[in-house]
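Working notes, beginning with the structure itself.
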Amino acid sequence: MAEKASTSRSLSRRSFLKTTAAAAGVAAVAGTAGVAAYAAGGPEEAAQNKEVIGSCRSNCGGKCPLKVKVRNGKVVKTEPADMPEGDELYRRICVKGLSQPQRLYDPDRLKYPMRRIEGTERGTEEFERISWDEALDLMATKFTDVIDQFGGSSLCMWVGYGSQGFLNGADTHGTTNIGYGRFSSKVGASSFDSAADWGGIWGTMLCGLFSTGSTVNVIGSKLIICCGGDPANSMQGEWTFIKKAMEQGARLVTIDPRFSTTAAVSDQYLSIRPGTDAILFMAWCNYLMDNDLVNYEFATKGSVAPYLLKEDGTYLRNSDLGIEPAMVMDPNTGMEVPYDAYVVWDESTNSHSTRDEAVQPALYGQYEVGGFKTTTTLSLCREAIKEYTMEVAAERCGMDLDEITALIEEFASVPSSFITYNGFSHHNNSHHNYKSLALLAALTGNQGQQGRIFSIGGVMRGYFVLDYAECVAPDPKPVAMVPGMLFPDVMANGGIGQYKINPKALWFMNGNPMAMESGRSELIEAVNKVDFIVCSESVMTDTARMADLLLPICHPFEEVDISAPFSSCPTGYFHPFVKAVEPSYECKTDMDVFRELSEKMGFGDLYDKTDEEYISAMFDTPFMGMFGINSKMVLDAASRAELVKCPLDMSFTEEQTFTNGMTASGRLEFYWEHPAPRYDFGQEVDYSVERVPCYIDATEAYETNPLKEKYPIYGNSNHSRFSAHSQQAHTPLIRELQPEPLVQINPADAEPRGIATGDIVRVFNDRGEVVIKAEVTEGVRPETMCIRQGWQSDHFISGHAQNLTPRLMNDFCWNSSFYDFLCEIEKVEQGA
Ligand code: SF4
């Protein structure tokens with residue numbers, strides 16, 4: 001008989017003490033005997049008492065290698081993994097890593113498959129326990145029915161970035177993930193993903209900023225500007241390197257609308273009006289050009305600044321002048337490829353030349369070459385941004401003219417680094433910021449050298465050489481890939497662009513979009529229209545609450561896997577997982593769920609290799625072979641609590657790197673010759689806007705919006721040191737440290753509204769509201785409020801912070817616009 005399941009998430013003092021006392025008790029026993037002594041007791045005892053490597057998968061970007069201590073078959077402690085001499089800075093951990101045992105043994109962990117009780121409403125948490133056999137039968141029947149009736153695309157899979165293993169979890173649509181990728185391509189499912197940070201990622205990838213600096217390289221800087229993030233608070237991996245650079249004499253300057261933790265430990269803090277960053281960057285570029293402070297060598301050798309542009313906006317190349325492309329060796333592949341040289345104006349000869357042959361390429365000017373009227377790329381961009389003077393920036397960004405002038409002069413005159421995070425990519429149109437940043441990098445040359453980098457907070461390391469062939473099914477069907485935020489449009493219109501999609505079943509995994517994505521109310525409304533919803537999760541979340549069927553999923557310490565590369569500041573080491581302990585309760589890995597479901601759906605041969613064989617197929621490439629590295633070695637080392645270093649270290653040396661190989665031109669691009677949207681659904685691309693550095697007001701959160709009369713407060717959010725998104729939302733220790741959500745507002749806004757710290761307030765706009773406790777602080781700008789992200793609906797007094805945010809997507813980069821909203825705040829009178 002079905003058993004009514006408990007899904008209580010409330011934290012009581014008792015449950016917290018019970019969890020920690022149990023862990024401490026086991027730890028205390030273990031502490032009296034060494035690991036070696038246990039291991040000496042034989043294989044069974046060794047399995048019960050051991051130390052292994054298990055990276056932290058908290059999606060903070062750090063991927064800290066953890067040493068996981070197991071005593072009597074239980075994980076009792078996590079601590080930073082030991083690092084060889086020279087890599088001590090990678091030995092790190094934060095409270096999120098330290099509290100992983102509690103996450104593993106969370107009393108509120110989902111323990112067995114559960115089905116919504118028939119006749120109950122979605123979201124009311126009326127679930128009954130069922131067996132895995134029943135759960136998988138139900139999924140197989142429903143999925144097969146909708147695929148037969150409406151096509152594979154009617155099965156929608158919605159994935160986040162919670163975990164990014166080769167086998168389990170997934171990243172962008174599972175294209176680098178075996179479990180998700182094989183299943184979705186076998187049935188031709190529609191794949192929806194988290195759209196959150198793509199404004200920044202897309203912008204920097206197109207510019208070439210993505211690959212040209214790791215935070216490791218800030219050491220040696222004399223000045224570091226940190227903008228759009230709070231690494232001292234929420235990104236331990238990043239912060240260790242910034243701190244080291246500061247110890248060696250770097251001056252840290254933070255630009256943020258919030259007086260963040262990083263701002264508090266900076267040498268200088270500059271407050272900026274939300275969403276106006278690009279205006280400041282463009283004003284700085286103008287200042288450098290107007291005052292002859294441009295780094296000529298870098299601009300001409302490392303960027304597209306001297307390339308001649310034709311009137312149609314494309315570069316002048318040798319072929320335009322009737323010269324056949326030459327064959328050159330591609331440094332990445334070693335293959336001969338045609339190279340159609342870019343043409344520049346050579347001031348030493350006063351004639352045109354190629355970029356590689358010119359002695360003195362011109363940065364500015366208009367030139368007639370081979371019948372083409374051309375201009376240098378820098379001249380065209382200078383014209384595009386000329387209205388943004390320092391005075392304009394001071395006015396529109398709400399900053400001090402002298403301060404921003406002194407800062408750019410310093411930045412251009414000493415080895416400097418610019419570290420950015422996704423905080424300023426959360427307005428609609430904010431991807432344009434990255435062209436301005438790329439121009440700033442090109443003009444200063446603070447790029448591609450130890451102590452001189454522009455970075456979006458880290459770099460991808462060494463995994464480009466993986467073999468992703470097994471991440472698709474044999475004879476794959478096309479998978480429609482769509483940003484999750486467009487789900488309501490897909491639902492309303494029966495698809496999008498070239499994709500016909502009739503969503504009939506929805507499977508959430510590896511993420512919590514119903515709490516984390518903006519435009520939450522609209523998303524929930526659309527999702528609720530789907531006939532059958534499955535959610536793979538480890539605890540009850542806002543997304544899990546929507547499910548008809550809940551599948552309990554393993555913690556990473558219960559899996560064998562290797563973590564995928566995408567991360568902001570990973571270490572120079574591989575990130576393996578060996579099974580520290582057996583799965584708790586009835587939890588299964590994603591991979592096992594895919595295997596067993598495929599069997600039930602009649603294609604059990606889809607996963608015809610063991611987990612280890614799949615890991616090997618992906619990892620054991622000829623490249624790894626050249627270095628004598630294989631996956632078995634990495635996993636074996638992890639089981640001895642040792643790490644294997646990745647052979648591709650992208651750290652810079654003292655030598656300046658002028659090329660990055662990530663862009664079509666092989667140089668830093670602040671001008672996009674062929675702007676390409678992240679998803680092409682047939683939307684029109686406005687080339688005049690997408691090509692050049694520019695600023696476009698946010699859609700709602702901008703100074704002159706008439707809506708500010710009604711809703712005068714800019715919305716904002718921040719990340720916490722205690723949780724990565726919603727991953728630690730239920731961890732007892734974390735709930736003790738961070739018991740409830742707060743809205744931060746400035747005294748200048750609080751006083752006229754009669755609000756004091758501790759008051760209950762209603763934050764609202766036309767989209768929705770959240771009722772929450774107030775914290776009055778000078779730490780946010782006037783006219784700005786901030787609510788830390790990651791909370792679940794049951795943490796708020798009522799409503800949800802994401803009910804305020806818009807479901808806005810820029811149709812070029814398709815990112816979430818978390819901060820692009822205005823709101824009002826009022827005190828809720830007690831008893832009202
Ligand atoms: S949350 Fe991030 S910084 Fe903290 S231990 Fe995990 S990976 Fe490291």
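By order in the structure tokens, chains are A, B, ...; within a chain, residues start at 1; ligands start at 1, following the order shown.
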
Protein and nucleic residues near ligand 1, 9 Å, only C-alpha atoms and all ligand atoms, as a VMD selection string: chain A and resid 55 to 66 79 to 80 92 to 100 234 to 238 570 721 to 724

Mind the document's chain letters and residue numbers, and return as a ChimeraX atom specification the residues of stretch 62-299 of chain A that DSSP labels strand (DSSP E or B). /A:66-71,74-80,109,114-116,127-129,155-159,164-165,169,190-193,223-227,251-256,258,268-271

Surrounding residues of A:Arg396 excluding itself and chain neighbours under 3 positions, 10 Å, only C-alpha atoms, as number ranges by chain: A: 272-273, 276-277, 279-280, 388, 390-393, 399, 702-703

Could you save those same residues with N, CA and C atoms as a PDB file, in the first residue's frame?
```
ATOM      1  N   ILE A 272      27.842  52.447  -8.318  1.00  0.00           N
ATOM      2  CA  ILE A 272      27.393  52.741  -9.681  1.00  0.00           C
ATOM      3  C   ILE A 272      25.892  52.491  -9.798  1.00  0.00           C
ATOM      4  N   ARG A 273      25.243  53.279 -10.605  1.00  0.00           N
ATOM      5  CA  ARG A 273      23.802  53.083 -10.813  1.00  0.00           C
ATOM      6  C   ARG A 273      23.594  51.765 -11.568  1.00  0.00           C
ATOM      7  N   THR A 276      24.286  50.544 -15.730  1.00  0.00           N
ATOM      8  CA  THR A 276      24.909  51.588 -16.552  1.00  0.00           C
ATOM      9  C   THR A 276      26.398  51.330 -16.814  1.00  0.00           C
ATOM     10  N   ASP A 277      26.876  50.156 -16.507  1.00  0.00           N
ATOM     11  CA  ASP A 277      28.313  49.870 -16.582  1.00  0.00           C
ATOM     12  C   ASP A 277      28.916  50.198 -17.948  1.00  0.00           C
ATOM     13  N   ILE A 279      28.255  52.396 -20.046  1.00  0.00           N
ATOM     14  CA  ILE A 279      28.490  53.836 -20.251  1.00  0.00           C
ATOM     15  C   ILE A 279      29.852  54.214 -19.671  1.00  0.00           C
ATOM     16  N   LEU A 280      30.147  53.691 -18.477  1.00  0.00           N
ATOM     17  CA  LEU A 280      31.438  53.972 -17.850  1.00  0.00           C
ATOM     18  C   LEU A 280      32.579  53.415 -18.708  1.00  0.00           C
ATOM     19  N   TYR A 388      29.663  59.209 -25.293  1.00  0.00           N
ATOM     20  CA  TYR A 388      29.885  58.841 -23.886  1.00  0.00           C
ATOM     21  C   TYR A 388      31.195  59.418 -23.364  1.00  0.00           C
ATOM     22  N   MET A 390      33.422  61.412 -20.255  1.00  0.00           N
ATOM     23  CA  MET A 390      33.537  61.171 -18.817  1.00  0.00           C
ATOM     24  C   MET A 390      32.444  61.916 -18.045  1.00  0.00           C
ATOM     25  N   GLU A 391      32.096  63.098 -18.545  1.00  0.00           N
ATOM     26  CA  GLU A 391      31.055  63.875 -17.862  1.00  0.00           C
ATOM     27  C   GLU A 391      29.710  63.150 -17.951  1.00  0.00           C
ATOM     28  N   VAL A 392      29.441  62.591 -19.142  1.00  0.00           N
ATOM     29  CA  VAL A 392      28.191  61.845 -19.327  1.00  0.00           C
ATOM     30  C   VAL A 392      28.173  60.633 -18.395  1.00  0.00           C
ATOM     31  N   ALA A 393      29.316  59.942 -18.327  1.00  0.00           N
ATOM     32  CA  ALA A 393      29.381  58.746 -17.467  1.00  0.00           C
ATOM     33  C   ALA A 393      29.142  59.126 -16.009  1.00  0.00           C
ATOM     34  N   MET A 399      28.358  58.663 -10.629  1.00  0.00           N
ATOM     35  CA  MET A 399      29.694  58.476 -10.047  1.00  0.00           C
ATOM     36  C   MET A 399      30.440  59.805 -10.005  1.00  0.00           C
ATOM     37  N   TYR A 702      15.737  51.554 -15.886  1.00  0.00           N
ATOM     38  CA  TYR A 702      16.608  52.649 -16.325  1.00  0.00           C
ATOM     39  C   TYR A 702      16.028  53.963 -15.837  1.00  0.00           C
ATOM     40  N   GLU A 703      16.939  54.935 -15.728  1.00  0.00           N
ATOM     41  CA  GLU A 703      16.655  56.152 -14.981  1.00  0.00           C
ATOM     42  C   GLU A 703      15.453  56.949 -15.510  1.00  0.00           C
TER      43      GLU A 703
END
```

Shell of 8 Å around A:Val465, only C-alpha atoms, local chain residues under 6 positions omitted, as a PDB file with all heavy atoms, in the first residue's frame:
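This is the output file around_11.pdb:
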```
ATOM      1  N   THR A 621      41.363  10.046 -24.615  1.00  0.00           N
ATOM      2  CA  THR A 621      41.606  10.480 -25.990  1.00  0.00           C
ATOM      3  C   THR A 621      43.095  10.348 -26.312  1.00  0.00           C
ATOM      4  O   THR A 621      43.938  10.242 -25.398  1.00  0.00           O
ATOM      5  CB  THR A 621      41.203  11.960 -26.138  1.00  0.00           C
ATOM      6  OG1 THR A 621      41.982  12.717 -25.208  1.00  0.00           O
ATOM      7  CG2 THR A 621      39.729  12.170 -25.841  1.00  0.00           C
ATOM      8  N   PHE A 623      45.009  12.595 -27.075  1.00  0.00           N
ATOM      9  CA  PHE A 623      45.701  13.718 -26.420  1.00  0.00           C
ATOM     10  C   PHE A 623      46.115  13.339 -25.005  1.00  0.00           C
ATOM     11  O   PHE A 623      47.269  13.542 -24.605  1.00  0.00           O
ATOM     12  CB  PHE A 623      44.778  14.942 -26.387  1.00  0.00           C
ATOM     13  CG  PHE A 623      45.367  16.099 -25.647  1.00  0.00           C
ATOM     14  CD1 PHE A 623      46.218  16.991 -26.285  1.00  0.00           C
ATOM     15  CD2 PHE A 623      45.094  16.298 -24.297  1.00  0.00           C
ATOM     16  CE1 PHE A 623      46.776  18.050 -25.590  1.00  0.00           C
ATOM     17  CE2 PHE A 623      45.650  17.362 -23.596  1.00  0.00           C
ATOM     18  CZ  PHE A 623      46.492  18.240 -24.247  1.00  0.00           C
ATOM     19  N   MET A 624      45.160  12.768 -24.250  1.00  0.00           N
ATOM     20  CA  MET A 624      45.489  12.367 -22.878  1.00  0.00           C
ATOM     21  C   MET A 624      46.576  11.298 -22.914  1.00  0.00           C
ATOM     22  O   MET A 624      47.466  11.276 -22.066  1.00  0.00           O
ATOM     23  CB  MET A 624      44.250  11.822 -22.165  1.00  0.00           C
ATOM     24  CG  MET A 624      43.156  12.839 -21.962  1.00  0.00           C
ATOM     25  SD  MET A 624      43.632  14.178 -20.859  1.00  0.00           S
ATOM     26  CE  MET A 624      42.084  15.055 -20.736  1.00  0.00           C
TER      27      MET A 624
END
```

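The residue set within 7 Å of stretch 772-783 of chain A, counting only C-alpha atoms and dropping same-chain residues fewer than 2 places from it, reads Pro257, Arg258, Phe259, Pro712, Ile713, Tyr714, Pro741, Leu742, Val743, Gln744, Ile745, Asn746, Pro747, Ala748, Asp749, Ala750, Ala756, Thr757, Gly758, Asp759, Ile760, Val761, Arg762, Val770, Met785, Phe796 and Ile797 of chain A.
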
File of the preceding selection, N, CA, C and O atoms, as a CSV table (one decimal), in the first residue's frame:
```csv
chain,number,residue,atom,x,y,z
A,257,PRO,N,26.7,48.4,-7.3
A,257,PRO,CA,25.7,49.2,-6.6
A,257,PRO,C,25.5,48.9,-5.1
A,257,PRO,O,24.9,49.6,-4.4
A,258,ARG,N,26.1,47.8,-4.7
A,258,ARG,CA,26.0,47.3,-3.3
A,258,ARG,C,27.4,47.4,-2.7
A,258,ARG,O,28.3,47.0,-3.3
A,259,PHE,N,27.4,47.8,-1.4
A,259,PHE,CA,28.7,47.7,-0.7
A,259,PHE,C,28.8,46.3,-0.3
A,259,PHE,O,28.4,45.9,0.8
A,712,PRO,N,9.7,53.3,-7.9
A,712,PRO,CA,11.0,54.0,-7.9
A,712,PRO,C,12.2,53.2,-7.5
A,712,PRO,O,13.3,53.8,-7.5
A,713,ILE,N,12.1,52.0,-7.1
A,713,ILE,CA,13.2,51.2,-6.6
A,713,ILE,C,13.7,50.2,-7.6
A,713,ILE,O,13.0,49.4,-8.2
A,714,TYR,N,15.1,50.3,-7.9
A,714,TYR,CA,15.7,49.3,-8.7
A,714,TYR,C,15.8,48.0,-8.0
A,714,TYR,O,16.2,47.9,-6.8
A,741,PRO,N,15.2,35.0,4.6
A,741,PRO,CA,15.6,36.0,3.6
A,741,PRO,C,15.3,37.4,4.1
A,741,PRO,O,14.4,37.6,5.0
A,742,LEU,N,16.1,38.4,3.6
A,742,LEU,CA,15.9,39.8,4.0
A,742,LEU,C,15.9,40.6,2.7
A,742,LEU,O,16.6,40.3,1.7
A,743,VAL,N,15.2,41.8,2.8
A,743,VAL,CA,15.4,42.7,1.7
A,743,VAL,C,16.2,43.9,2.3
A,743,VAL,O,15.9,44.5,3.3
A,744,GLN,N,17.3,44.2,1.6
A,744,GLN,CA,18.1,45.4,2.0
A,744,GLN,C,17.7,46.6,1.3
A,744,GLN,O,17.5,46.6,0.1
A,745,ILE,N,17.4,47.7,2.1
A,745,ILE,CA,17.1,49.0,1.5
A,745,ILE,C,17.9,50.1,2.2
A,745,ILE,O,18.3,49.9,3.4
A,746,ASN,N,18.1,51.2,1.5
A,746,ASN,CA,18.9,52.3,2.0
A,746,ASN,C,18.0,53.1,3.0
A,746,ASN,O,16.8,53.2,2.8
A,747,PRO,N,18.7,53.7,4.0
A,747,PRO,CA,17.9,54.5,5.0
A,747,PRO,C,17.1,55.7,4.2
A,747,PRO,O,16.0,56.0,4.7
A,748,ALA,N,17.7,56.2,3.1
A,748,ALA,CA,17.0,57.2,2.4
A,748,ALA,C,15.6,56.8,1.8
A,748,ALA,O,14.7,57.6,1.6
A,749,ASP,N,15.5,55.5,1.6
A,749,ASP,CA,14.3,54.9,1.1
A,749,ASP,C,13.4,54.4,2.3
A,749,ASP,O,12.2,54.4,2.2
A,750,ALA,N,14.1,53.9,3.3
A,750,ALA,CA,13.3,53.3,4.4
A,750,ALA,C,12.6,54.4,5.2
A,750,ALA,O,11.4,54.2,5.6
A,756,ALA,N,11.9,50.2,9.4
A,756,ALA,CA,13.1,50.0,10.2
A,756,ALA,C,13.5,48.5,10.1
A,756,ALA,O,12.7,47.7,9.7
A,757,THR,N,14.8,48.3,10.4
A,757,THR,CA,15.3,46.9,10.3
A,757,THR,C,14.4,46.0,11.2
A,757,THR,O,14.1,46.3,12.3
A,758,GLY,N,14.0,44.9,10.6
A,758,GLY,CA,13.2,43.9,11.3
A,758,GLY,C,11.7,44.0,11.0
A,758,GLY,O,11.0,43.1,11.3
A,759,ASP,N,11.4,45.1,10.4
A,759,ASP,CA,10.0,45.3,10.0
A,759,ASP,C,9.6,44.3,8.8
A,759,ASP,O,10.5,44.0,8.0
A,760,ILE,N,8.4,43.9,8.8
A,760,ILE,CA,7.9,43.1,7.7
A,760,ILE,C,7.4,44.1,6.6
A,760,ILE,O,6.7,45.0,6.9
A,761,VAL,N,7.9,43.8,5.4
A,761,VAL,CA,7.6,44.7,4.3
A,761,VAL,C,7.1,43.9,3.1
A,761,VAL,O,7.3,42.7,3.0
A,762,ARG,N,6.4,44.6,2.3
A,762,ARG,CA,5.9,44.0,1.0
A,762,ARG,C,6.6,44.7,-0.1
A,762,ARG,O,6.6,45.9,-0.2
A,770,VAL,N,6.5,40.0,-2.9
A,770,VAL,CA,7.1,39.1,-1.9
A,770,VAL,C,7.0,39.8,-0.5
A,770,VAL,O,7.2,41.0,-0.5
A,785,MET,N,17.0,48.1,-4.1
A,785,MET,CA,16.8,47.1,-3.0
A,785,MET,C,17.5,45.8,-3.5
A,785,MET,O,17.8,45.6,-4.6
A,796,PHE,N,10.0,32.5,2.3
A,796,PHE,CA,9.4,33.9,2.4
A,796,PHE,C,8.1,33.8,3.3
A,796,PHE,O,7.5,32.8,3.4
A,797,ILE,N,7.8,35.0,3.8
A,797,ILE,CA,6.6,35.1,4.6
A,797,ILE,C,5.4,34.8,3.6
A,797,ILE,O,4.5,34.1,3.9
```

So which residues touch stretch 114-117 of chain A within 8 Å, counting only C-alpha atoms, skipping near sequence neighbours fewer than 5 positions away, as a short mmCIF file (atom, residue, chain, number, x, y, z; two decimals) with N, CA, C and O atoms, in the first residue's frame?
```
data_model
loop_
_atom_site.label_atom_id
_atom_site.label_comp_id
_atom_site.auth_asym_id
_atom_site.auth_seq_id
_atom_site.Cartn_x
_atom_site.Cartn_y
_atom_site.Cartn_z
N ALA A 5 3.99 10.36 2.16
CA ALA A 5 5.38 10.72 2.38
C ALA A 5 5.52 12.03 3.14
O ALA A 5 4.73 12.94 2.95
N ARG A 122 -1.46 20.18 -7.79
CA ARG A 122 0.00 20.33 -7.89
C ARG A 122 0.47 21.41 -6.92
O ARG A 122 -0.19 22.43 -6.75
N GLU A 125 2.04 19.34 -2.23
CA GLU A 125 2.94 18.36 -1.62
C GLU A 125 2.20 17.15 -1.05
O GLU A 125 2.57 16.62 0.00
N GLU A 126 1.17 16.74 -1.70
CA GLU A 126 0.46 15.52 -1.30
C GLU A 126 1.01 14.38 -2.14
O GLU A 126 0.52 14.11 -3.25
N PHE A 127 2.05 13.74 -1.63
CA PHE A 127 2.70 12.67 -2.39
C PHE A 127 2.53 11.34 -1.68
O PHE A 127 2.35 11.29 -0.46
N GLU A 128 2.60 10.26 -2.45
CA GLU A 128 2.61 8.93 -1.86
C GLU A 128 3.84 8.18 -2.37
O GLU A 128 4.29 8.38 -3.50
N ARG A 129 4.34 7.35 -1.47
CA ARG A 129 5.54 6.57 -1.82
C ARG A 129 5.17 5.46 -2.81
O ARG A 129 4.15 4.79 -2.64
N ILE A 130 6.01 5.30 -3.84
CA ILE A 130 5.85 4.17 -4.75
C ILE A 130 7.22 3.53 -4.96
O ILE A 130 8.24 4.08 -4.54
N ALA A 135 7.48 3.70 -10.56
CA ALA A 135 7.84 5.03 -11.07
C ALA A 135 8.32 4.94 -12.52
O ALA A 135 7.90 5.72 -13.39
N ALA A 547 5.89 18.67 -9.31
CA ALA A 547 5.95 17.39 -10.02
C ALA A 547 4.74 16.50 -9.74
O ALA A 547 4.11 16.58 -8.69
N ASP A 548 4.47 15.62 -10.72
CA ASP A 548 3.52 14.52 -10.50
C ASP A 548 4.28 13.29 -10.04
O ASP A 548 3.71 12.40 -9.43
N LEU A 549 5.56 13.25 -10.39
CA LEU A 549 6.39 12.11 -10.02
C LEU A 549 7.76 12.63 -9.59
O LEU A 549 8.40 13.39 -10.33
N LEU A 550 8.18 12.24 -8.39
CA LEU A 550 9.47 12.69 -7.85
C LEU A 550 10.46 11.53 -7.81
O LEU A 550 10.13 10.46 -7.31
N LEU A 551 11.65 11.75 -8.33
CA LEU A 551 12.67 10.71 -8.34
C LEU A 551 13.83 11.13 -7.44
O LEU A 551 14.43 12.18 -7.67
#
```

Would you please extract all alpha helix (DSSP H) residues from stretch 121-298 of chain A, as assigned by DSSP on the backbone, and give them as a ChimeraX atom specification? /A:132-150,178-187,198-207,231-234,236-247,261-264,277-290,296-298

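From atom CA of A:Ser425 back to atom CA of A:Gln449, the distance works out to 25.2 Å.
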
Taking only C-alpha atoms into account, name the residue in A:Leu363, A:Tyr573, A:Thr124, A:Arg71 that is nearest to A:Met289. A:Leu363

What is the atom CA of A:His352-atom CA of A:Glu383 distance in Å, reported with one decimal? 22.1 Å
